[in-house]
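Peer 1: My structure file query.txt, compact mmCIF, C-alpha atoms and all ligand atoms, is below:
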```txt
# COMPACT_ATOMS: atom_id res chain seq x y z
CA MET A 9 47.24 117.87 136.93
CA ASN A 10 45.81 114.37 137.26
CA VAL A 11 48.16 111.40 137.37
CA PRO A 12 47.57 109.03 134.40
CA VAL A 13 45.43 106.01 135.22
CA LEU A 14 46.07 102.74 133.38
CA THR A 15 43.55 99.89 133.69
CA PHE A 16 43.83 96.33 132.44
CA PHE A 17 40.37 95.41 131.24
CA ASN A 18 38.66 92.31 129.89
CA ASN A 19 35.34 90.87 130.99
CA LYS A 20 36.70 87.43 130.13
CA GLY A 21 38.11 85.98 133.36
CA GLY A 22 41.49 84.38 133.98
CA VAL A 23 43.38 86.15 131.19
CA GLY A 24 46.21 87.26 133.48
CA LYS A 25 45.06 90.79 134.42
CA THR A 26 46.06 90.56 138.08
CA SER A 27 49.35 88.86 137.37
CA LEU A 28 50.25 91.45 134.71
CA ILE A 29 49.39 94.44 136.91
CA TYR A 30 51.34 92.98 139.81
CA HIS A 31 54.49 92.47 137.73
CA LEU A 32 54.17 95.73 135.85
CA ALA A 33 53.80 97.68 139.11
CA TRP A 34 57.02 96.12 140.42
CA MET A 35 58.80 96.74 137.13
CA TYR A 36 57.83 100.43 137.08
CA SER A 37 59.05 100.89 140.65
CA MET A 38 62.33 99.14 139.76
CA LEU A 39 62.68 101.58 136.84
CA GLY A 40 62.46 104.46 139.33
CA LYS A 41 58.83 105.48 138.84
CA LYS A 42 56.49 106.20 141.73
CA VAL A 43 53.52 103.89 141.39
CA VAL A 44 50.12 103.64 143.03
CA VAL A 45 48.48 100.32 142.33
CA ALA A 46 44.77 100.05 143.14
CA ASP A 47 42.90 96.80 143.66
CA LEU A 48 39.34 97.49 142.53
CA ASP A 49 38.37 93.87 142.09
CA PRO A 50 36.20 92.66 145.00
CA GLN A 51 37.98 89.29 144.65
CA ALA A 52 41.03 91.19 146.02
CA ASN A 53 43.53 88.82 144.38
CA LEU A 54 46.02 91.62 143.78
CA THR A 55 45.94 92.55 147.47
CA ALA A 56 46.58 88.90 148.36
CA ALA A 57 49.60 88.93 146.02
CA PHE A 58 51.11 91.96 147.79
CA LEU A 59 50.19 91.43 151.43
CA ALA A 60 50.16 88.65 154.02
CA GLU A 61 46.77 87.41 155.20
CA GLU A 62 47.22 88.73 158.76
CA LYS A 63 47.87 92.20 157.36
CA ILE A 64 44.81 92.03 155.09
CA ALA A 65 42.61 90.96 158.02
CA GLU A 66 43.84 94.00 159.95
CA LEU A 67 43.07 96.36 157.04
CA TRP A 68 39.58 94.98 156.55
CA GLU A 69 38.83 95.57 160.24
CA GLU A 70 39.73 99.20 159.60
CA GLN A 71 41.82 100.26 162.53
CA GLN A 72 42.94 103.21 160.39
CA PRO A 73 40.54 105.34 158.25
CA GLY A 74 40.66 104.53 154.52
CA SER A 75 42.52 101.25 155.08
CA SER A 76 40.87 99.56 152.07
CA ILE A 77 39.06 100.84 148.99
CA TYR A 78 35.77 99.78 150.54
CA HIS A 79 36.41 101.84 153.67
CA CYS A 80 37.16 104.84 151.43
CA VAL A 81 33.76 104.67 149.69
CA LYS A 82 31.58 103.20 152.44
CA PRO A 83 30.41 106.58 153.86
CA LEU A 84 28.93 107.44 150.44
CA ALA A 85 26.31 104.73 150.89
CA GLY A 86 25.08 106.76 153.89
CA ILE A 87 25.36 110.51 154.23
CA GLY A 88 29.15 110.78 154.50
CA ASP A 89 31.88 111.61 151.99
CA ILE A 90 34.93 109.89 150.49
CA VAL A 91 37.77 109.04 152.89
CA LYS A 92 41.40 109.55 151.79
CA PRO A 93 43.12 106.19 151.18
CA ALA A 94 45.75 104.96 153.65
CA LEU A 95 48.40 103.69 151.21
CA GLN A 96 50.35 100.53 151.95
CA GLU A 97 54.05 100.92 151.15
CA ILE A 98 55.18 97.71 149.44
CA ASP A 99 58.67 98.78 148.37
CA THR A 100 60.51 101.96 147.39
CA GLY A 101 58.13 103.93 145.19
CA LEU A 102 55.46 101.20 145.19
CA PHE A 103 52.20 101.80 147.06
CA LEU A 104 48.95 99.83 147.21
CA ILE A 105 45.34 100.92 147.71
CA PRO A 106 44.15 97.60 149.17
CA GLY A 107 41.11 95.84 147.77
CA ASP A 108 38.28 94.48 149.86
CA VAL A 109 35.78 91.67 149.41
CA GLU A 110 33.11 93.98 150.84
CA LEU A 111 33.51 96.32 147.86
CA ALA A 112 31.00 94.07 146.06
CA GLY A 113 28.28 95.73 148.16
CA PHE A 114 29.05 99.11 146.56
CA GLU A 115 27.89 97.82 143.15
CA ASP A 116 24.23 98.53 144.03
CA THR A 117 24.95 102.08 145.21
CA LEU A 118 26.71 102.81 141.91
CA SER A 119 23.87 101.29 139.87
CA ASP A 120 21.31 103.40 141.74
CA GLU A 121 23.25 106.65 141.23
CA TRP A 122 23.76 106.12 137.48
CA PRO A 123 20.25 107.25 136.41
CA GLN A 124 20.13 109.88 139.19
CA SER A 125 23.14 111.61 137.63
CA MET A 126 21.04 112.56 134.56
CA ARG A 127 18.39 114.45 136.53
CA ASP A 128 17.99 118.22 136.36
CA ASN A 129 19.00 118.90 139.95
CA ASN A 130 20.54 117.34 143.07
CA LEU A 131 23.40 116.09 140.95
CA TYR A 132 26.34 116.54 143.30
CA ARG A 133 25.76 113.40 145.31
CA PRO A 134 25.38 111.02 142.33
CA MET A 135 28.33 112.59 140.49
CA ARG A 136 30.49 112.43 143.62
CA THR A 137 29.63 108.75 144.05
CA LEU A 138 30.12 107.75 140.40
CA SER A 139 33.51 109.48 140.28
CA ALA A 140 34.58 108.28 143.76
CA PHE A 141 37.19 105.78 142.55
CA GLY A 142 38.83 108.43 140.41
CA GLN A 143 38.90 110.93 143.29
CA ILE A 144 40.31 108.36 145.75
CA MET A 145 43.04 107.16 143.41
CA GLN A 146 44.13 110.73 142.66
CA MET A 147 44.18 111.52 146.41
CA GLY A 148 46.44 108.51 146.89
CA ALA A 149 48.69 109.54 144.00
CA GLN A 150 49.05 113.06 145.39
CA GLN A 151 50.23 111.76 148.76
CA ILE A 152 53.36 110.28 147.21
CA GLY A 153 53.79 112.35 144.03
CA ALA A 154 53.00 109.30 141.86
CA ASP A 155 53.93 109.11 138.17
CA ILE A 156 51.30 106.50 137.33
CA ILE A 157 48.27 104.70 138.76
CA LEU A 158 47.74 101.05 137.76
CA VAL A 159 44.34 99.46 138.34
CA ASP A 160 43.15 95.87 138.53
CA ILE A 161 39.47 95.06 138.12
CA GLY A 162 37.29 91.96 138.04
CA PRO A 163 36.08 90.18 134.89
CA ASN A 164 32.65 91.73 134.27
CA LEU A 165 30.84 94.73 132.79
CA GLY A 166 29.20 95.84 136.05
CA ALA A 167 28.77 99.21 137.71
CA ILE A 168 32.05 99.04 139.66
CA ASN A 169 34.02 98.49 136.47
CA ARG A 170 32.12 101.24 134.67
CA SER A 171 33.10 103.65 137.45
CA VAL A 172 36.72 102.53 137.24
CA LEU A 173 36.74 103.03 133.48
CA ILE A 174 35.29 106.54 133.94
CA ALA A 175 38.41 107.27 135.99
CA THR A 176 40.72 105.61 133.43
CA ASP A 177 42.90 107.38 130.88
CA TYR A 178 44.47 104.35 129.18
CA VAL A 179 43.19 100.81 128.70
CA VAL A 180 45.22 97.69 127.99
CA ILE A 181 43.30 94.56 126.99
CA PRO A 182 44.86 91.27 128.13
CA LEU A 183 43.71 88.36 125.98
CA GLY A 184 43.80 84.62 126.02
CA THR A 185 44.28 82.94 122.67
CA ASP A 186 41.05 81.05 122.30
CA LEU A 187 37.59 81.42 120.82
CA PHE A 188 36.14 82.90 124.02
CA SER A 189 38.71 85.66 124.26
CA LEU A 190 38.25 86.59 120.63
CA GLN A 191 34.50 86.76 121.07
CA GLY A 192 34.98 88.84 124.24
CA LEU A 193 37.23 91.23 122.33
CA ARG A 194 34.39 91.94 119.90
CA ASN A 195 32.28 93.27 122.81
CA LEU A 196 34.96 95.32 124.50
CA GLY A 197 35.28 98.08 121.90
CA PRO A 198 31.52 98.87 121.83
CA THR A 199 31.36 98.72 125.65
CA LEU A 200 34.18 101.24 126.03
CA ARG A 201 32.64 103.58 123.45
CA SER A 202 29.23 103.37 125.11
CA TRP A 203 30.58 104.08 128.63
CA LYS A 204 32.63 106.97 127.30
CA ALA A 205 29.61 108.53 125.56
CA LEU A 206 27.32 108.03 128.57
CA TRP A 207 29.86 109.63 130.93
CA SER A 208 30.35 112.53 128.57
CA LYS A 209 26.57 113.19 128.68
CA ARG A 210 26.70 113.20 132.46
CA MET A 211 29.61 115.63 132.46
CA ASP A 212 27.67 117.96 130.15
CA ASN A 213 24.58 117.66 132.33
CA TRP A 214 26.67 118.54 135.40
CA ASN A 215 28.47 121.43 133.71
CA ASP A 216 25.13 122.88 132.57
CA SER A 217 23.66 122.65 136.06
CA ARG A 218 23.50 125.55 138.49
CA GLU A 219 24.96 123.31 141.17
CA SER A 220 28.29 122.98 139.37
CA HIS A 221 29.04 126.66 140.21
CA ASP A 222 28.74 125.86 143.93
CA TYR A 223 31.44 123.19 143.75
CA ASP A 224 34.39 124.89 142.09
CA ASP A 225 37.02 122.47 143.38
CA PHE A 226 35.08 119.34 142.36
CA LYS A 227 37.08 118.02 139.40
CA LEU A 228 35.51 115.15 137.49
CA PRO A 229 37.57 112.51 135.68
CA GLU A 230 37.25 113.05 131.93
CA GLY A 231 36.53 109.41 131.01
CA LYS A 232 39.20 109.19 128.32
CA MET A 233 39.40 105.35 128.26
CA GLN A 234 41.88 105.33 125.39
CA PRO A 235 42.76 101.79 124.29
CA ILE A 236 46.53 101.55 123.82
CA GLY A 237 46.87 97.90 122.86
CA TYR A 238 46.55 94.30 123.95
CA VAL A 239 48.65 91.64 125.63
CA CYS A 240 48.41 88.02 124.42
CA GLN A 241 48.70 85.15 126.83
CA GLN A 242 50.55 82.33 125.20
CA TYR A 243 49.35 79.92 127.83
CA SER A 244 45.97 78.72 128.87
CA VAL A 245 45.42 77.46 132.39
CA ARG A 246 42.56 75.28 131.30
CA LEU A 247 43.68 74.03 127.93
CA GLU A 248 47.06 72.55 127.18
CA ARG A 249 47.05 72.81 123.41
CA PRO A 250 49.56 72.39 120.63
CA VAL A 251 51.20 75.50 119.14
CA LYS A 252 49.06 75.24 116.00
CA ALA A 253 45.81 75.70 117.93
CA TYR A 254 47.32 78.71 119.66
CA ALA A 255 48.37 80.32 116.36
CA LYS A 256 44.93 79.85 114.80
CA TRP A 257 43.33 82.16 117.37
CA ALA A 258 46.31 84.47 117.92
CA ASP A 259 46.45 85.36 114.21
CA GLN A 260 42.87 86.67 114.30
CA ILE A 261 43.55 89.08 117.16
CA PRO A 262 45.15 92.01 115.25
CA GLN A 263 42.26 92.30 112.79
CA THR A 264 39.60 91.84 115.46
CA TYR A 265 41.25 94.46 117.71
CA ARG A 266 41.36 97.00 114.87
CA GLN A 267 37.75 96.35 113.87
CA ALA A 268 36.12 96.11 117.30
CA VAL A 269 38.24 98.47 119.37
CA LEU A 270 39.65 101.00 116.88
CA GLU A 271 36.70 100.87 114.44
CA GLU A 272 39.01 100.49 111.43
CA GLU A 273 37.26 99.36 108.28
CA ASN A 274 38.81 96.42 106.45
CA PRO A 275 42.04 96.22 108.44
CA GLN A 276 44.70 94.05 106.88
CA SER A 277 45.49 90.69 108.34
CA MET A 278 48.79 90.31 110.22
CA LYS A 279 50.39 88.28 112.98
CA PRO A 280 50.44 89.65 116.55
CA GLN A 281 54.25 89.85 116.46
CA ASP A 282 54.01 92.32 113.54
CA ASP A 283 51.23 94.39 115.13
CA ARG A 284 52.19 97.61 116.93
CA TYR A 285 49.14 97.24 119.18
CA CYS A 286 50.45 93.94 120.51
CA LEU A 287 52.26 95.25 123.59
CA ALA A 288 53.54 91.82 124.64
CA THR A 289 53.09 88.10 124.28
CA VAL A 290 53.32 86.66 127.76
CA LYS A 291 54.93 83.23 128.03
CA HIS A 292 53.84 80.41 130.25
CA TYR A 293 56.17 80.96 133.20
CA ARG A 294 55.33 77.54 134.64
CA SER A 295 56.65 76.91 138.15
CA LEU A 296 58.07 80.44 138.46
CA ILE A 297 54.51 81.71 139.06
CA PRO A 298 53.81 79.62 142.20
CA MET A 299 57.41 80.26 143.33
CA GLY A 300 56.81 84.02 143.10
CA GLN A 301 53.48 83.69 144.91
CA GLU A 302 55.08 81.69 147.71
CA HIS A 303 57.80 84.27 148.27
CA ARG A 304 55.42 87.19 147.57
CA LYS A 305 57.80 88.52 144.92
CA PRO A 306 57.58 89.28 141.21
CA ILE A 307 59.10 86.38 139.29
CA PHE A 308 61.94 88.54 138.01
CA ARG A 309 63.11 89.12 141.59
CA LEU A 310 63.40 85.44 142.48
CA THR A 311 66.89 84.38 143.57
CA PRO A 312 68.70 81.03 143.88
CA ALA A 313 67.83 81.15 147.62
CA ASP A 314 64.14 81.17 146.61
CA GLY A 315 64.72 78.10 144.41
CA ALA A 316 65.34 79.84 141.09
CA ILE A 317 68.35 77.81 139.98
CA GLY A 318 69.46 76.32 136.64
CA ALA A 319 66.84 76.78 133.91
CA HIS A 320 64.74 78.78 136.38
CA ALA A 321 67.48 81.40 136.67
CA ASN A 322 67.40 81.90 132.89
CA ALA A 323 63.60 82.17 132.98
CA VAL A 324 63.91 84.85 135.69
CA ARG A 325 66.18 86.89 133.41
CA ASP A 326 63.82 86.41 130.45
CA ALA A 327 60.85 87.52 132.55
CA GLU A 328 62.70 90.67 133.60
CA ASN A 329 63.42 91.51 129.97
CA ASP A 330 59.79 90.78 128.97
CA PHE A 331 58.31 93.11 131.61
CA ARG A 332 60.91 95.82 131.00
CA ALA A 333 59.93 95.75 127.32
CA LEU A 334 56.21 95.87 128.19
CA ALA A 335 56.75 98.88 130.50
CA GLY A 336 58.69 100.61 127.71
CA LYS A 337 55.97 99.97 125.13
CA ILE A 338 53.29 101.30 127.46
CA ASP A 339 55.41 104.40 128.17
CA ASP A 340 55.61 105.06 124.44
CA GLN A 341 51.79 105.28 124.35
CA ILE A 342 51.12 107.39 127.43
CA ASP A 343 52.42 110.58 129.01
CA ALA A 344 53.50 109.14 132.37
N1 LIG A 401 52.42 84.01 132.42
C1 LIG A 401 51.83 83.08 133.18
N2 LIG A 401 52.28 81.81 133.19
C2 LIG A 401 51.66 80.86 133.94
N3 LIG A 401 50.60 81.07 134.72
C3 LIG A 401 50.09 82.33 134.77
C4 LIG A 401 50.69 83.39 134.01
N4 LIG A 401 49.97 84.54 134.26
C5 LIG A 401 48.99 84.18 135.14
N5 LIG A 401 49.06 82.86 135.44
C6 LIG A 401 48.13 82.11 136.31
O1 LIG A 401 46.87 82.05 135.67
C7 LIG A 401 45.81 82.24 136.58
C8 LIG A 401 44.96 83.44 136.16
O2 LIG A 401 45.76 84.61 136.22
P1 LIG A 401 45.23 85.97 136.84
O3 LIG A 401 44.62 85.74 138.18
O4 LIG A 401 46.33 86.95 136.76
O5 LIG A 401 44.07 86.30 135.79
P2 LIG A 401 42.91 87.39 135.91
O6 LIG A 401 42.60 87.83 134.52
O7 LIG A 401 43.29 88.44 136.87
O8 LIG A 401 41.72 86.52 136.51
P3 LIG A 401 40.30 87.08 137.03
O9 LIG A 401 39.52 87.34 135.78
O10 LIG A 401 39.75 85.97 137.87
O11 LIG A 401 40.56 88.33 137.81
C9 LIG A 401 46.46 82.41 137.95
O12 LIG A 401 46.46 81.18 138.62
C10 LIG A 401 47.87 82.85 137.63
O13 LIG A 401 48.77 82.48 138.65
MG MG A 402 42.23 89.13 138.56
```
How would this structure read if it were set down as structure tokens?
Ligand SMILES: Nc1ncnc2c1ncn2[C@@H]1O[C@H](COP(=O)(O)OP(=O)(O)OP(=O)(O)O)[C@@H](O)[C@H]1O
Ligand SMILES: [Mg+2]

Peer 2:
Amino acid sequence: MNVPVLTFFNNKGGVGKTSLIYHLAWMYSMLGKKVVVADLDPQANLTAAFLAEEKIAELWEEQQPGSSIYHCVKPLAGIGDIVKPALQEIDTGLFLIPGDVELAGFEDTLSDEWPQSMRDNNLYRPMRTLSAFGQIMQMGAQQIGADIILVDIGPNLGAINRSVLIATDYVVIPLGTDLFSLQGLRNLGPTLRSWKALWSKRMDNWNDSRESHDYDDFKLPEGKMQPIGYVCQQYSVRLERPVKAYAKWADQIPQTYRQAVLEEENPQSMKPQDDRYCLATVKHYRSLIPMGQEHRKPIFRLTPADGAIGAHANAVRDAENDFRALAGKIDDQIDA
């Protein structure tokens, strides 16, 4: 049985994907789940949130096989095969597949293999490469008996992200509350449907091929990509706007999500707080965010010794409740 894969996806940048995945991974581990968190963004911001620079430098030099996601897939660009990931233990039940800036170079390999996977023969190699992220993440999950895999990706619709989505069961869409995010949301639904359909064709092509009988234990990810909801960011790093401007865009999200992502016709208008697909509205946590980054901790684990005193201490408690609620809402939607 495959472990469920949850990806936070939006090709609009800076909407809080990395920050959300980081905090959710910690929250799940604090709730007693075993979590594998995979950094599949070549910017590797999630890896930088979890690990010290010296450690990251060591992993990128690859003293141990499979020390970053790039080192796991690198042999595929030649004649080799996938390497099992060497998981980094962050805390009890919390393990990281480290990201790597060099992963960007794998984008071309994936783009080249995409058309090759629709040929009549010699399909194993392209299918192995296109499903590599899924195979690697499941290998990692098996090592520790994980309950869930959480994935962070970069803000684009490129070949790396398409391969990650192929390996994804559930999708959460983090959103800013501005014109650009709303416009981006309109493209996300069609993109997910198109990737799902194109992968399904490739699976059929593989299953119909003679080669598939020679590789009995080669299990392909099914490319479910089921959207389970969205998360609104109440803040904007670039724009400090009054509440009214925020509400104007936020109130259009439920309808747009239902139309673009769920293909509902004429959905009724409602506010995000009344929408069951709104999994959370994330507050502006202000100075708690840099404080957490400095101490390499989730904000809800900051203590008075870290500087979380007075109003900060209340904000720490609020943040813990917010992320506990988000984890609960996600659990209600998936079978983890
Ligand atoms: N709730 C929050 N309150 C205040 N600042 C936040 C909050 N969440 C994230 N940030 C800050 O906003 C910036 C963007 O967040 P983040 O890196 O998580 O977004 P992203 O969607 O992963 O970006 P990218 O598209 O570049 O990968 C970061 O500087 C982060 O520290
Ligand atoms: Mg990010």

Peer 1: Report as a PyMOL selection string all protein, DNA and RNA residues lying within 10 Å of Trp214 in chain A, evaluated on only C-alpha atoms, omitting residues in the same chain fewer than 3 positions from it.

Peer 2: chain A and resi 125-132+135+208-211+217-221+228

Peer 1: Counting only C-alpha atoms and all ligand atoms, what are the residues, protein, DNA or RNA alike, that approach ligand LIG 401 (chain A) to within 8 Å? I want them as a ChimeraX atom specification.

Peer 2: /A:18-28,49,51,53,160-163,182,241-245,290-298,301

Peer 1: Which of these, A:Gln341, A:Thr137, A:Ser189, A:Asn10, has the shortest distance to Thr264 in chain A once you count all atoms listed in the file?

Peer 2: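 Comparing A:Gln341, A:Thr137, A:Ser189, A:Asn10 against Thr264 in chain A, the winner is A:Ser189.
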
Peer 1: List every protein, DNA or RNA residue with an atom no more than 7 Å from (40.5, 98.0, 150.2) in the file's coordinates, counting all atoms listed in the file, and format the result as a VMD selection string.

Peer 2: chain A and resid 75 to 79 105 to 108

Peer 1: Check the smallest atom-to-atom distance from each of A:Trp257, A:Val13, A:Tyr30, A:Pro73 to ligand MG 402 (chain A) using all atoms listed in the file, then report the winner.

Peer 2: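 Selected residue with least distance to ligand MG 402 (chain A): A:Tyr30.
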
Peer 1: Please determine, counting all atoms listed in the file, which residue among A:Asp116, A:Asn164, A:Ser139, A:Gln234 has the shortest atom-to-atom distance to ligand MG 402 (chain A).

Peer 2: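 When distances to ligand MG 402 (chain A) are compared using all atoms listed in the file, the smallest one comes from A:Asn164.
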
Peer 1: Counting all atoms listed in the file, figure out which residue out of A:Asn195, A:Thr55, A:Gln150, A:Gln124 gets nearest to ligand MG 402 (chain A).

Peer 2: A:Thr55

Peer 1: What's around Val45 in chain A at 9 Å? Count all atoms listed in the file, leave out sequence neighbours fewer than 5 positions away in its own chain, and write the answer as an NGL selection string.

Peer 2: :A and (29-30 or 33 or 102-106 or 145 or 156-160)

Peer 1: Grab the CA of Gln96 in chain A to CA of Gly148 in chain A distance for me, in Å with one decimal place.

Peer 2: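 Result for CA of Gln96 in chain A versus CA of Gly148 in chain A: 10.2 Å, one decimal.
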
Peer 1: Smallest atom-to-atom distance to Ala94 in chain A: which of A:Gly113, A:Pro262, A:Gly74, A:Pro306, using all atoms listed in the file?

Peer 2: A:Gly74

Peer 1: Neighbours of Ala85 in chain A within 12 Å (all atoms listed in the file; same-chain residues fewer than 5 positions away dropped), as a list in words?

Peer 2: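 Listed by chain and then number, they are Tyr78, His79, Cys80, Ile90, Leu111, Gly113, Phe114, Glu115, Asp116, Thr117, Leu118, Ser119, Asp120, Glu121, Arg133, Pro134, Arg136, Thr137, Leu138 and Ala140 of chain A.
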
Peer 1: To one decimal place in Å, what is the distance between CA of Asp224 in chain A and CA of Asp212 in chain A?

Peer 2: 15.4 Å

Peer 1: Can you find the residues with an atom no farther than 6 Å from (32.1, 96.0, 140.1), counting all atoms listed in the file, and report them as a PyMOL selection string?

Peer 2: chain A and resi 115+166-169

Peer 1: For CA of Asn213 in chain A and CA of Trp122 in chain A, quote the distance in Å rounded to one decimal.

Peer 2: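 Going from CA of Asn213 in chain A over to CA of Trp122 in chain A, I get 12.7 Å.
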
Peer 1: List as JSON, numbers by chain the protein and nucleic acid residues near Trp203 in chain A, meaning an atom at most 10 Å away when only C-alpha atoms are counted, but skip any in the same chain fewer than 3 places from it.

Peer 2: {"A": [170, 171, 173, 174, 198, 199, 200, 206, 207, 208, 209, 231, 233]}

Peer 1: I'd like the contact shell of range 278-280 of chain A - 9 Å cut-off, only C-alpha atoms, skipping same-chain residues fewer than 4 positions apart - returned as a ChimeraX atom specification.

Peer 2: /A:240,255,258-263,284-286,288-289

Peer 1: Measuring between all atoms listed in the file, which one of A:Ala323, A:Ala46, A:Met38, A:Leu54 shows the shortest distance to ligand MG 402 (chain A)?

Peer 2: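 Comparing A:Ala323, A:Ala46, A:Met38, A:Leu54 against ligand MG 402 (chain A), the winner is A:Leu54.
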